[in-house]
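**Q** Encoded as structure tokens, here's the structure I'll be asking about.
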Amino acid sequence: MEEQFNFNDYPIGNHLEEISNSLKNSPNHCLILTAETGAGKSTVLPLWLLQQFKGSIIMTEPRRLAVLGVANRLSEELNQECGKTIGYKIHLENKISAETRMEIVTEGILVRNLQNDPALEKYNLVILDEFHERSVNTDLALAFIKEAMELRDDLFLIVMSATIDTKKLSDYLGNETPVLKIPGRLFPVDVVYDEKSDVSKAVIKELDLTKKGNILAFLPGISDIRSCEEELLQELKNSDVELHILHSSVSLEQQKRALKENGRRKVILSSAIAETSLTVPGVTVVIDSGKSRVNRINISTGMENLVTEVESEFSAEQRKGRAGRLEAGKCVRLWNKFDLRKKDFEPEILRCDLTELVLECAERGIYNFDTIQWLDCPSKNAWKSAADLLILFKFLKDDGHISEKGKAALNLGISPRLAAIVLDGKANNFDYGPLFLKYSNYSDSSLEVQKKVLADLENRLKKIDFSLFRNLCEKYENPEFLILSGFLDRLAVRLSSQKNEKYEYQFYSGRKAILVKDNHRENKWICAPEVLSGESEAKIFDFEEIPEELILKYLENKTEVKQISYFENGKLEKSEKVLFGKIELKSKKIPVSKEDYKEAWINEIKEKGFAVLPMSEKTDRFITRVKFYFQQQNKVFDEKEISEKCDEWLAPFINDTILNPDNVYDALYWYLNGSEIDEKIPVVLKLTNGSKCKVSYSLQNSPVDKTKLVIRPVIEIIIQRIFGVFETPEIFGMKVLLKLLSPASRPLQITDDLKGFWNGAWIEICKEMKGRYPKHNWDYKQFKEPD
């Protein structure tokens, strides 16, 4: 280490000894470190740890650009070229040499290292930086590292973040895990709220107000960024201000240019990519739209839905901090100061496609999501949906074990869908390049980068022995079919007639979608890789046309024949159908029998869910209580999953041709263990004064996060009946919401803090009530059953 580097120049400098000692003395070799902006955790601490640990260190950053930034900055501090003591590795770039002792990598690269070396024998220390971003690969890497640490007693782990739920993480790693919080160095940032402006107007306004420093503007997604870019290009065409974009969809070269200082003033339009981990130079003004673009998977269809949501409190603070790194700054927030926001977004593993995660787990010998410890356990349905897709690709066997084709897919370093296209393309001697590039992250990259990507793929393919799995590769007569290798579940048939202006299609999953482009064509069959699930109907943004005569021939060996009972206009019907997934290729009606009634109901409920069940108010109230029971245990009450199992719980309660609300209630009460619900989630509660009162359960604002709705127990009660009760009653860990009424049953107060109510609001309320109802008892400490 060069002597000129002074650790004490940074806020973290005074804590370095404590950090290294805490880590070395940690009973489980783990340390959780939270550090405020500007503390130096990503740039100073790694250099210190190089001195404290003799072996190799691997450190993750959530984005490729952040990897490059951190690796180059650390190398500069050592007065070395990157690739010596400090090196990095990202997709298509490797700056690691025999001299390298610290590797900066993306989380995906770390997962690959863990697959190739489950015990991480090469390294003595793992650092997970910016852990709060919580990508799927972050959670996967953490789970694998935890397993690796059980195999070794000389492997250490630091989890670092600006802020994080340290208790939850400590419980996961082990309660003995030390937790340290390090102050940062942030210049004051003046926060201004301007709900009437949009981003482009706010940028122009700030360029006029502030004559120096760069402006960083946060927008939800690329469409919003491009729209704003178009507006600003007109406004800035005669100025010397540079306009740049930071988004994962633009090339790495463009992102690098945005972050490179060149003496000119810049306006940088960014997604959430610049919230943390990236150092955006010279920023003195941040403009925050207050929104984020979030990817959520629709498990039932396997389609993702990009939704614009209000950003969390945490994100807002991180964005603000970008303006105070170098000097006093300004943050313009384009919303009302009193708008409510979530504390934070849930991690990606709970809301995104798990296909790659499931394949990685299968490679490691994990075939069930609950056979590995997760910080946040993924949805069982999401796991199954991903596994089903991988079986369709023949990457997994029917028992969930990985196939040789699946192993080859992982070695390509690309998404499973694209890997399926590349492997089948190579097996058929087709040119897979154009199709791969079209649906990869490199579609907008320069020709030079695209050539580099394809050359890397070819080198990886040369190392793969196709003889081990050639029988698993699809055999195509026509290159047009190659799109089906990666998107067979996106094969769709047109439902609407050619005269209908609405171009509606049905997918393998049964989900329907409409085309949103103007270039509608007449083909009946399409494969649509780019589909957004939507709330009411899915939307197709891009598709490949497939001739009908060719696709029908291709599907001949992929169909199944089923006899299906169903209701049509209230009448029981039965058909024999030739199906590809839920796509109906042929159908003919056949005679029905009395026994088909039960099957028709089961099919109806599996397809349409609870909505078709004959429900009574009694059943609705029971289900709400069950949902509260699940909620309080941090479990999800999955109506879809229960509906899909209706042949287990409902079928025995269907008598001949009768299904009424009483049958449904009895079935659900039995299946959901109603006696336990009655015991733990009562409908009548006995108060400490002996009074009994009815409890209802309904959606209310969460007592913890007012932006969220949760089910809460609610009691409406005349106030005299609660006299003598001094603490708020609780049901299954949640305080009851008390709606206190006057003797005439008019509202007086709503509270879940009875003690505070008696000592506060009650004093004035009591004075008023005594005047209105002088003959009633008003001594709240003495309970008398009111007349």
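Quick note on naming: the chains in the structure tokens go A, B, ... in the order shown, residues restart at 1 in each chain, and ligands are numbered from 1 in order of appearance.
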Got a sec: who's within 7 Å of Leu128 (chain A), counting only C-alpha atoms, leaving out chain neighbours fewer than 6 positions off, as a ChimeraX atom specification?
**A** /A:59-60,158-160
**Q** Store the residues of this selection in a file with N, CA and C atoms, as a PDB file, in the first residue's frame.
**A**
```pdb
ATOM      1  N   MET A  59     -15.263  -8.758  -4.101  1.00  0.00           N
ATOM      2  CA  MET A  59     -16.232  -7.739  -3.688  1.00  0.00           C
ATOM      3  C   MET A  59     -17.226  -7.520  -4.817  1.00  0.00           C
ATOM      4  N   THR A  60     -18.503  -7.487  -4.481  1.00  0.00           N
ATOM      5  CA  THR A  60     -19.537  -7.315  -5.506  1.00  0.00           C
ATOM      6  C   THR A  60     -20.070  -5.892  -5.542  1.00  0.00           C
ATOM      7  N   ILE A 158     -18.440  -9.699   4.757  1.00  0.00           N
ATOM      8  CA  ILE A 158     -18.953  -8.385   5.157  1.00  0.00           C
ATOM      9  C   ILE A 158     -20.131  -8.048   4.245  1.00  0.00           C
ATOM     10  N   VAL A 159     -21.259  -7.706   4.840  1.00  0.00           N
ATOM     11  CA  VAL A 159     -22.413  -7.231   4.080  1.00  0.00           C
ATOM     12  C   VAL A 159     -22.525  -5.732   4.327  1.00  0.00           C
ATOM     13  N   MET A 160     -22.415  -4.932   3.257  1.00  0.00           N
ATOM     14  CA  MET A 160     -22.379  -3.479   3.396  1.00  0.00           C
ATOM     15  C   MET A 160     -23.561  -2.844   2.674  1.00  0.00           C
TER      16      MET A 160
END
```
**Q** Determine, counting only C-alpha atoms, which protein, DNA and RNA residues have an atom within 8 Å of an atom of region 38-41 of chain A; residues of the same chain fewer than 3 positions away are not included. Present the result as a ChimeraX atom specification.
**A** /A:10-12,35,44-46,160,182-186,325
**Q** Could you dump the residues just selected with C-alpha atoms as a CSV table (one decimal), in the first residue's frame?
**A**
```csv
chain,number,residue,atom,x,y,z
A,10,TYR,CA,-12.3,9.9,5.3
A,11,PRO,CA,-15.1,9.5,7.9
A,12,ILE,CA,-14.6,5.7,7.9
A,35,ALA,CA,-22.4,3.5,6.3
A,44,VAL,CA,-11.4,3.2,1.5
A,45,LEU,CA,-12.4,0.1,3.5
A,46,PRO,CA,-11.4,-2.3,0.7
A,160,MET,CA,-22.4,-3.5,3.4
A,182,ILE,CA,-20.5,4.4,10.3
A,183,PRO,CA,-21.3,8.1,9.8
A,184,GLY,CA,-20.8,9.7,6.4
A,185,ARG,CA,-19.8,13.0,5.0
A,186,LEU,CA,-22.6,14.7,3.1
A,325,ARG,CA,-21.3,14.5,-2.4
```
**Q** Among region 641-720 of chain A, which residues does DSSP mark as helix (DSSP H, G or I) when it is run on the backbone? Keep the chain and numbering as in the structure and answer as JSON, numbers by chain.
**A** {"A": [641, 642, 643, 644, 646, 647, 648, 649, 651, 652, 653, 661, 662, 663, 664, 665, 666, 667, 668, 669, 670, 671, 674, 675, 676, 677, 678, 679, 680, 719, 720]}
**Q** Convert the current residue selection to file output with C-alpha atoms, as a short mmCIF file (atom, residue, chain, number, x, y, z; two decimals), in the first residue's frame.
**A**
```
data_model
loop_
_atom_site.label_atom_id
_atom_site.label_comp_id
_atom_site.auth_asym_id
_atom_site.auth_seq_id
_atom_site.Cartn_x
_atom_site.Cartn_y
_atom_site.Cartn_z
CA GLU A 641 -53.25 -21.85 -5.18
CA ILE A 642 -56.28 -22.83 -3.07
CA SER A 643 -58.52 -22.68 -6.16
CA GLU A 644 -56.15 -24.98 -8.06
CA CYS A 646 -60.25 -27.44 -5.14
CA ASP A 647 -60.46 -31.10 -6.18
CA GLU A 648 -58.92 -31.88 -2.77
CA TRP A 649 -61.19 -29.80 -0.55
CA ALA A 651 -65.07 -32.14 -4.46
CA PRO A 652 -66.12 -34.19 -1.38
CA PHE A 653 -68.69 -31.49 -0.50
CA PRO A 661 -73.00 -21.46 -0.28
CA ASP A 662 -73.31 -23.85 2.69
CA ASN A 663 -71.29 -26.50 0.85
CA VAL A 664 -68.58 -23.94 0.08
CA TYR A 665 -68.44 -22.71 3.69
CA ASP A 666 -68.22 -26.24 5.09
CA ALA A 667 -65.48 -27.17 2.61
CA LEU A 668 -63.35 -24.10 3.31
CA TYR A 669 -63.90 -24.38 7.08
CA TRP A 670 -62.61 -27.96 6.94
CA TYR A 671 -59.70 -27.28 4.58
CA GLY A 674 -61.67 -23.43 10.95
CA SER A 675 -61.56 -24.62 14.58
CA GLU A 676 -58.05 -23.17 14.98
CA ILE A 677 -59.15 -19.94 13.28
CA ASP A 678 -62.10 -19.66 15.70
CA GLU A 679 -59.75 -20.14 18.64
CA LYS A 680 -57.06 -17.67 17.58
CA ILE A 719 -67.86 3.81 25.55
CA GLN A 720 -69.35 2.81 28.94
#
```
**Q** Do a neighbour search on Ala600 (chain A) at 7 Å with only C-alpha atoms, toss out local chain neighbours closer than 4 positions, and write the hits as a list in words.
**A**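 Returned residues: Ser565, Tyr566, Phe567, Asp596 and Glu604 of chain A.
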**Q** Kindly export the residues of the current selection with C-alpha atoms, as a short mmCIF file (atom, residue, chain, number, x, y, z; two decimals), in the first residue's frame.
**A**
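Saved to result.cif:
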```
data_model
loop_
_atom_site.label_atom_id
_atom_site.label_comp_id
_atom_site.auth_asym_id
_atom_site.auth_seq_id
_atom_site.Cartn_x
_atom_site.Cartn_y
_atom_site.Cartn_z
CA SER A 565 -66.58 -30.88 -18.60
CA TYR A 566 -67.66 -27.25 -18.30
CA PHE A 567 -70.61 -24.88 -18.07
CA ASP A 596 -69.52 -34.70 -15.05
CA GLU A 604 -64.52 -23.78 -13.54
#
```
**Q** For CA of Phe156 (chain A) and CA of Leu23 (chain A), determine how far apart the two atoms are, in Å to one decimal place.
**A**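 So the two atoms, CA of Phe156 (chain A) and CA of Leu23 (chain A), lie 7.5 Å apart.
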**Q** Using only C-alpha atoms, determine which residues lie at most 9 Å from Ile540 (chain A), disregarding the query and same-chain residues fewer than 2 positions distant; provide the list as an NGL selection string.
**A** :A and (513-517 or 528-533 or 538 or 542-543)
**Q** Suppose we keep N, CA, C and O atoms; can you now write the selection as a short mmCIF file (atom, residue, chain, number, x, y, z; two decimals), in the first residue's frame?
**A**
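The file below, again-v2.cif, is the result:
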```
data_model
loop_
_atom_site.label_atom_id
_atom_site.label_comp_id
_atom_site.auth_asym_id
_atom_site.auth_seq_id
_atom_site.Cartn_x
_atom_site.Cartn_y
_atom_site.Cartn_z
N ALA A 513 -54.19 -11.58 -24.89
CA ALA A 513 -53.44 -10.34 -25.04
C ALA A 513 -53.81 -9.67 -26.35
O ALA A 513 -54.30 -10.33 -27.28
N ILE A 514 -53.60 -8.37 -26.43
CA ILE A 514 -53.88 -7.63 -27.67
C ILE A 514 -52.59 -7.01 -28.20
O ILE A 514 -51.67 -6.68 -27.44
N LEU A 515 -52.53 -6.85 -29.52
CA LEU A 515 -51.40 -6.16 -30.15
C LEU A 515 -51.55 -4.67 -29.93
O LEU A 515 -52.64 -4.12 -30.03
N VAL A 516 -50.43 -4.01 -29.65
CA VAL A 516 -50.49 -2.55 -29.46
C VAL A 516 -49.82 -1.80 -30.60
O VAL A 516 -49.86 -0.58 -30.63
N LYS A 517 -49.20 -2.51 -31.52
CA LYS A 517 -48.55 -1.84 -32.65
C LYS A 517 -49.56 -1.56 -33.76
O LYS A 517 -50.61 -2.18 -33.85
N ALA A 528 -44.75 -14.14 -29.40
CA ALA A 528 -44.62 -12.77 -28.89
C ALA A 528 -43.69 -12.72 -27.69
O ALA A 528 -44.13 -12.88 -26.55
N PRO A 529 -42.39 -12.50 -27.90
CA PRO A 529 -41.44 -12.45 -26.78
C PRO A 529 -41.68 -11.28 -25.83
O PRO A 529 -41.45 -11.40 -24.62
N GLU A 530 -42.11 -10.14 -26.36
CA GLU A 530 -42.25 -8.95 -25.52
C GLU A 530 -43.73 -8.71 -25.21
O GLU A 530 -44.49 -8.17 -26.02
N VAL A 531 -44.13 -9.17 -24.03
CA VAL A 531 -45.51 -9.05 -23.58
C VAL A 531 -45.50 -8.52 -22.16
O VAL A 531 -44.72 -8.97 -21.32
N LEU A 532 -46.35 -7.54 -21.89
CA LEU A 532 -46.54 -7.07 -20.52
C LEU A 532 -47.87 -7.59 -20.03
O LEU A 532 -48.89 -7.50 -20.72
N SER A 533 -47.86 -8.13 -18.81
CA SER A 533 -49.03 -8.82 -18.30
C SER A 533 -50.26 -7.92 -18.20
O SER A 533 -51.36 -8.30 -18.57
N ALA A 538 -53.26 -8.52 -21.16
CA ALA A 538 -51.86 -8.38 -21.52
C ALA A 538 -51.74 -7.62 -22.84
O ALA A 538 -52.67 -7.57 -23.64
N ASP A 542 -44.03 -6.88 -29.26
CA ASP A 542 -43.18 -7.34 -30.36
C ASP A 542 -43.52 -8.80 -30.64
O ASP A 542 -43.83 -9.55 -29.71
N PHE A 543 -43.44 -9.20 -31.89
CA PHE A 543 -43.82 -10.58 -32.21
C PHE A 543 -43.15 -11.02 -33.51
O PHE A 543 -42.67 -10.21 -34.30
#
```
**Q** Could you list, as number ranges by chain, every residue within 8 Å of region 406-414 of chain A, counting only C-alpha atoms and ignoring same-chain residues fewer than 6 positions away?
**A** A: 91, 359-360, 363, 394-396, 420, 423, 457, 460-461, 464
**Q** Need the shell around Arg341 (chain A): protein/DNA/RNA residues with any atom at most 8 Å away, counting only C-alpha atoms. Skip same-chain ones fewer than 4 positions apart. Format as number ranges by chain?
**A** A: 310-313, 707
**Q** For the residues in that selection, give me all heavy atoms as a short mmCIF file (atom, residue, chain, number, x, y, z; two decimals), in the first residue's frame.
**A**
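The result, written out as selection.cif:
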```cif
data_model
loop_
_atom_site.label_atom_id
_atom_site.label_comp_id
_atom_site.auth_asym_id
_atom_site.auth_seq_id
_atom_site.Cartn_x
_atom_site.Cartn_y
_atom_site.Cartn_z
N VAL A 310 -44.82 4.76 -6.90
CA VAL A 310 -44.23 5.83 -6.10
C VAL A 310 -42.97 5.29 -5.43
O VAL A 310 -42.99 4.21 -4.84
CB VAL A 310 -45.23 6.33 -5.04
CG1 VAL A 310 -44.57 7.32 -4.10
CG2 VAL A 310 -46.44 6.96 -5.72
N GLU A 311 -41.87 6.01 -5.57
CA GLU A 311 -40.62 5.52 -4.98
C GLU A 311 -40.70 5.50 -3.45
O GLU A 311 -41.52 6.20 -2.85
CB GLU A 311 -39.45 6.39 -5.43
CG GLU A 311 -39.31 7.66 -4.62
CD GLU A 311 -38.26 8.61 -5.15
OE1 GLU A 311 -38.59 9.40 -6.04
OE2 GLU A 311 -37.15 8.58 -4.66
N SER A 312 -39.85 4.72 -2.84
CA SER A 312 -39.86 4.58 -1.39
C SER A 312 -39.15 5.76 -0.71
O SER A 312 -38.43 6.53 -1.36
CB SER A 312 -39.16 3.28 -0.99
OG SER A 312 -37.79 3.34 -1.34
N GLU A 313 -39.36 5.87 0.59
CA GLU A 313 -38.65 6.90 1.37
C GLU A 313 -37.15 6.71 1.26
O GLU A 313 -36.39 7.67 1.14
CB GLU A 313 -39.06 6.81 2.85
CG GLU A 313 -40.45 7.33 3.14
CD GLU A 313 -40.77 7.25 4.63
OE1 GLU A 313 -39.84 7.02 5.44
OE2 GLU A 313 -41.95 7.41 4.99
N THR A 707 -49.13 3.96 4.47
CA THR A 707 -49.38 3.84 3.03
C THR A 707 -49.89 2.46 2.65
O THR A 707 -50.30 2.23 1.52
CB THR A 707 -48.10 4.14 2.23
OG1 THR A 707 -47.12 3.12 2.53
CG2 THR A 707 -47.54 5.49 2.57
#
```
**Q** Please, which residues of region 293-531 of chain A, numbered as in this document, come out strand (DSSP E or B) from DSSP, as a PyMOL selection string?
**A** chain A and resi 293-298+303-310+329-333+396+402+491-494+504-507+512-515+525-531
**Q** Keeping only N, CA, C and O atoms, write the selected residues to a file as a short mmCIF file (atom, residue, chain, number, x, y, z; two decimals), in the first residue's frame.
**A**
```
data_model
loop_
_atom_site.label_atom_id
_atom_site.label_comp_id
_atom_site.auth_asym_id
_atom_site.auth_seq_id
_atom_site.Cartn_x
_atom_site.Cartn_y
_atom_site.Cartn_z
N ARG A 293 -39.75 2.57 -11.88
CA ARG A 293 -40.32 1.53 -12.75
C ARG A 293 -39.92 0.18 -12.16
O ARG A 293 -38.73 -0.11 -12.00
N VAL A 294 -40.92 -0.61 -11.80
CA VAL A 294 -40.67 -1.86 -11.08
C VAL A 294 -41.19 -3.04 -11.88
O VAL A 294 -42.30 -2.99 -12.42
N ASN A 295 -40.37 -4.08 -11.96
CA ASN A 295 -40.75 -5.29 -12.69
C ASN A 295 -41.44 -6.26 -11.75
O ASN A 295 -40.90 -6.60 -10.69
N ARG A 296 -42.63 -6.71 -12.12
CA ARG A 296 -43.36 -7.69 -11.30
C ARG A 296 -43.83 -8.83 -12.18
O ARG A 296 -44.38 -8.61 -13.25
N ILE A 297 -43.63 -10.05 -11.71
CA ILE A 297 -44.02 -11.22 -12.49
C ILE A 297 -45.47 -11.58 -12.19
O ILE A 297 -45.92 -11.52 -11.04
N ASN A 298 -46.22 -11.89 -13.23
CA ASN A 298 -47.55 -12.46 -13.07
C ASN A 298 -47.37 -13.96 -13.12
O ASN A 298 -47.15 -14.54 -14.19
N MET A 303 -45.74 -13.96 -17.39
CA MET A 303 -45.43 -12.68 -18.04
C MET A 303 -45.07 -11.63 -16.99
O MET A 303 -45.64 -11.61 -15.90
N GLU A 304 -44.13 -10.78 -17.35
CA GLU A 304 -43.74 -9.72 -16.44
C GLU A 304 -44.53 -8.45 -16.75
O GLU A 304 -44.97 -8.24 -17.87
N ASN A 305 -44.66 -7.62 -15.72
CA ASN A 305 -45.41 -6.39 -15.88
C ASN A 305 -44.57 -5.25 -15.32
O ASN A 305 -44.22 -5.25 -14.14
N LEU A 306 -44.20 -4.33 -16.17
CA LEU A 306 -43.45 -3.16 -15.72
C LEU A 306 -44.46 -2.11 -15.24
O LEU A 306 -45.26 -1.63 -16.03
N VAL A 307 -44.40 -1.81 -13.96
CA VAL A 307 -45.35 -0.85 -13.40
C VAL A 307 -44.61 0.34 -12.82
O VAL A 307 -43.53 0.21 -12.27
N THR A 308 -45.22 1.50 -12.97
CA THR A 308 -44.66 2.71 -12.39
C THR A 308 -45.26 2.89 -11.00
O THR A 308 -46.47 2.93 -10.83
N GLU A 309 -44.39 2.97 -10.00
CA GLU A 309 -44.84 3.07 -8.62
C GLU A 309 -44.18 4.29 -7.96
O GLU A 309 -43.12 4.76 -8.39
N VAL A 310 -44.82 4.76 -6.90
CA VAL A 310 -44.23 5.83 -6.10
C VAL A 310 -42.97 5.29 -5.43
O VAL A 310 -42.99 4.21 -4.84
N GLY A 329 -25.78 21.20 -2.00
CA GLY A 329 -26.54 20.99 -3.22
C GLY A 329 -28.02 21.26 -3.04
O GLY A 329 -28.46 21.78 -2.00
N LYS A 330 -28.78 20.88 -4.04
CA LYS A 330 -30.21 21.13 -4.05
C LYS A 330 -30.93 19.92 -4.63
O LYS A 330 -30.47 19.30 -5.59
N CYS A 331 -32.06 19.57 -4.03
CA CYS A 331 -32.89 18.48 -4.53
C CYS A 331 -34.30 19.01 -4.75
O CYS A 331 -34.94 19.51 -3.83
N VAL A 332 -34.76 18.91 -6.00
CA VAL A 332 -36.11 19.34 -6.34
C VAL A 332 -37.00 18.10 -6.45
O VAL A 332 -36.78 17.24 -7.31
N ARG A 333 -37.97 18.01 -5.58
CA ARG A 333 -38.88 16.85 -5.56
C ARG A 333 -40.20 17.24 -6.19
O ARG A 333 -40.85 18.19 -5.74
N LEU A 396 -34.40 -28.70 -17.43
CA LEU A 396 -34.63 -29.54 -16.26
C LEU A 396 -35.35 -30.81 -16.68
O LEU A 396 -36.14 -30.79 -17.62
N ILE A 402 -31.21 -31.02 -13.03
CA ILE A 402 -30.71 -30.31 -14.21
C ILE A 402 -30.26 -31.31 -15.27
O ILE A 402 -29.69 -32.36 -14.97
N LEU A 491 -46.11 -18.63 -27.66
CA LEU A 491 -46.84 -18.92 -28.89
C LEU A 491 -48.30 -18.56 -28.67
O LEU A 491 -48.89 -18.90 -27.65
N ALA A 492 -48.89 -17.87 -29.64
CA ALA A 492 -50.26 -17.39 -29.47
C ALA A 492 -51.05 -17.53 -30.76
O ALA A 492 -50.51 -17.42 -31.86
N VAL A 493 -52.35 -17.79 -30.60
CA VAL A 493 -53.25 -17.92 -31.74
C VAL A 493 -54.27 -16.79 -31.69
O VAL A 493 -54.74 -16.42 -30.61
N ARG A 494 -54.62 -16.27 -32.84
CA ARG A 494 -55.57 -15.16 -32.89
C ARG A 494 -56.99 -15.65 -32.60
O ARG A 494 -57.45 -16.64 -33.16
N GLU A 504 -56.80 -9.71 -30.87
CA GLU A 504 -56.69 -10.44 -29.61
C GLU A 504 -56.13 -11.83 -29.86
O GLU A 504 -56.56 -12.54 -30.77
N TYR A 505 -55.18 -12.24 -28.98
CA TYR A 505 -54.53 -13.54 -29.10
C TYR A 505 -54.61 -14.28 -27.77
O TYR A 505 -54.71 -13.67 -26.70
N GLN A 506 -54.50 -15.62 -27.86
CA GLN A 506 -54.45 -16.44 -26.65
C GLN A 506 -53.12 -17.19 -26.61
O GLN A 506 -52.67 -17.75 -27.62
N PHE A 507 -52.52 -17.22 -25.41
CA PHE A 507 -51.23 -17.87 -25.23
C PHE A 507 -51.36 -19.30 -24.71
O PHE A 507 -52.43 -19.73 -24.27
N LYS A 512 -54.96 -14.06 -22.39
CA LYS A 512 -55.26 -13.37 -23.65
C LYS A 512 -54.50 -12.04 -23.68
O LYS A 512 -54.21 -11.46 -22.64
N ALA A 513 -54.19 -11.58 -24.89
CA ALA A 513 -53.44 -10.34 -25.04
C ALA A 513 -53.81 -9.67 -26.35
O ALA A 513 -54.30 -10.33 -27.28
N ILE A 514 -53.60 -8.37 -26.43
CA ILE A 514 -53.88 -7.63 -27.67
C ILE A 514 -52.59 -7.01 -28.20
O ILE A 514 -51.67 -6.68 -27.44
N LEU A 515 -52.53 -6.85 -29.52
CA LEU A 515 -51.40 -6.16 -30.15
C LEU A 515 -51.55 -4.67 -29.93
O LEU A 515 -52.64 -4.12 -30.03
N TRP A 525 -51.14 -17.11 -36.35
CA TRP A 525 -50.22 -17.56 -35.31
C TRP A 525 -49.02 -16.61 -35.21
O TRP A 525 -48.43 -16.23 -36.22
N ILE A 526 -48.67 -16.27 -33.98
CA ILE A 526 -47.48 -15.45 -33.74
C ILE A 526 -46.75 -15.98 -32.51
O ILE A 526 -47.32 -16.73 -31.70
N CYS A 527 -45.50 -15.61 -32.38
CA CYS A 527 -44.76 -15.83 -31.14
C CYS A 527 -44.36 -14.45 -30.64
O CYS A 527 -43.76 -13.67 -31.38
N ALA A 528 -44.75 -14.14 -29.40
CA ALA A 528 -44.62 -12.77 -28.89
C ALA A 528 -43.69 -12.72 -27.69
O ALA A 528 -44.13 -12.88 -26.55
N PRO A 529 -42.39 -12.50 -27.90
CA PRO A 529 -41.44 -12.45 -26.78
C PRO A 529 -41.68 -11.28 -25.83
O PRO A 529 -41.45 -11.40 -24.62
N GLU A 530 -42.11 -10.14 -26.36
CA GLU A 530 -42.25 -8.95 -25.52
C GLU A 530 -43.73 -8.71 -25.21
O GLU A 530 -44.49 -8.17 -26.02
N VAL A 531 -44.13 -9.17 -24.03
CA VAL A 531 -45.51 -9.05 -23.58
C VAL A 531 -45.50 -8.52 -22.16
O VAL A 531 -44.72 -8.97 -21.32
#
```
**Q** Rank nothing, just name the residue among A:Ile96, A:Pro774, A:Phe481, A:Pro416 nearest to Leu552 (chain A), using only C-alpha atoms.
**A**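 Closest to Leu552 (chain A) of all the choices is A:Phe481.
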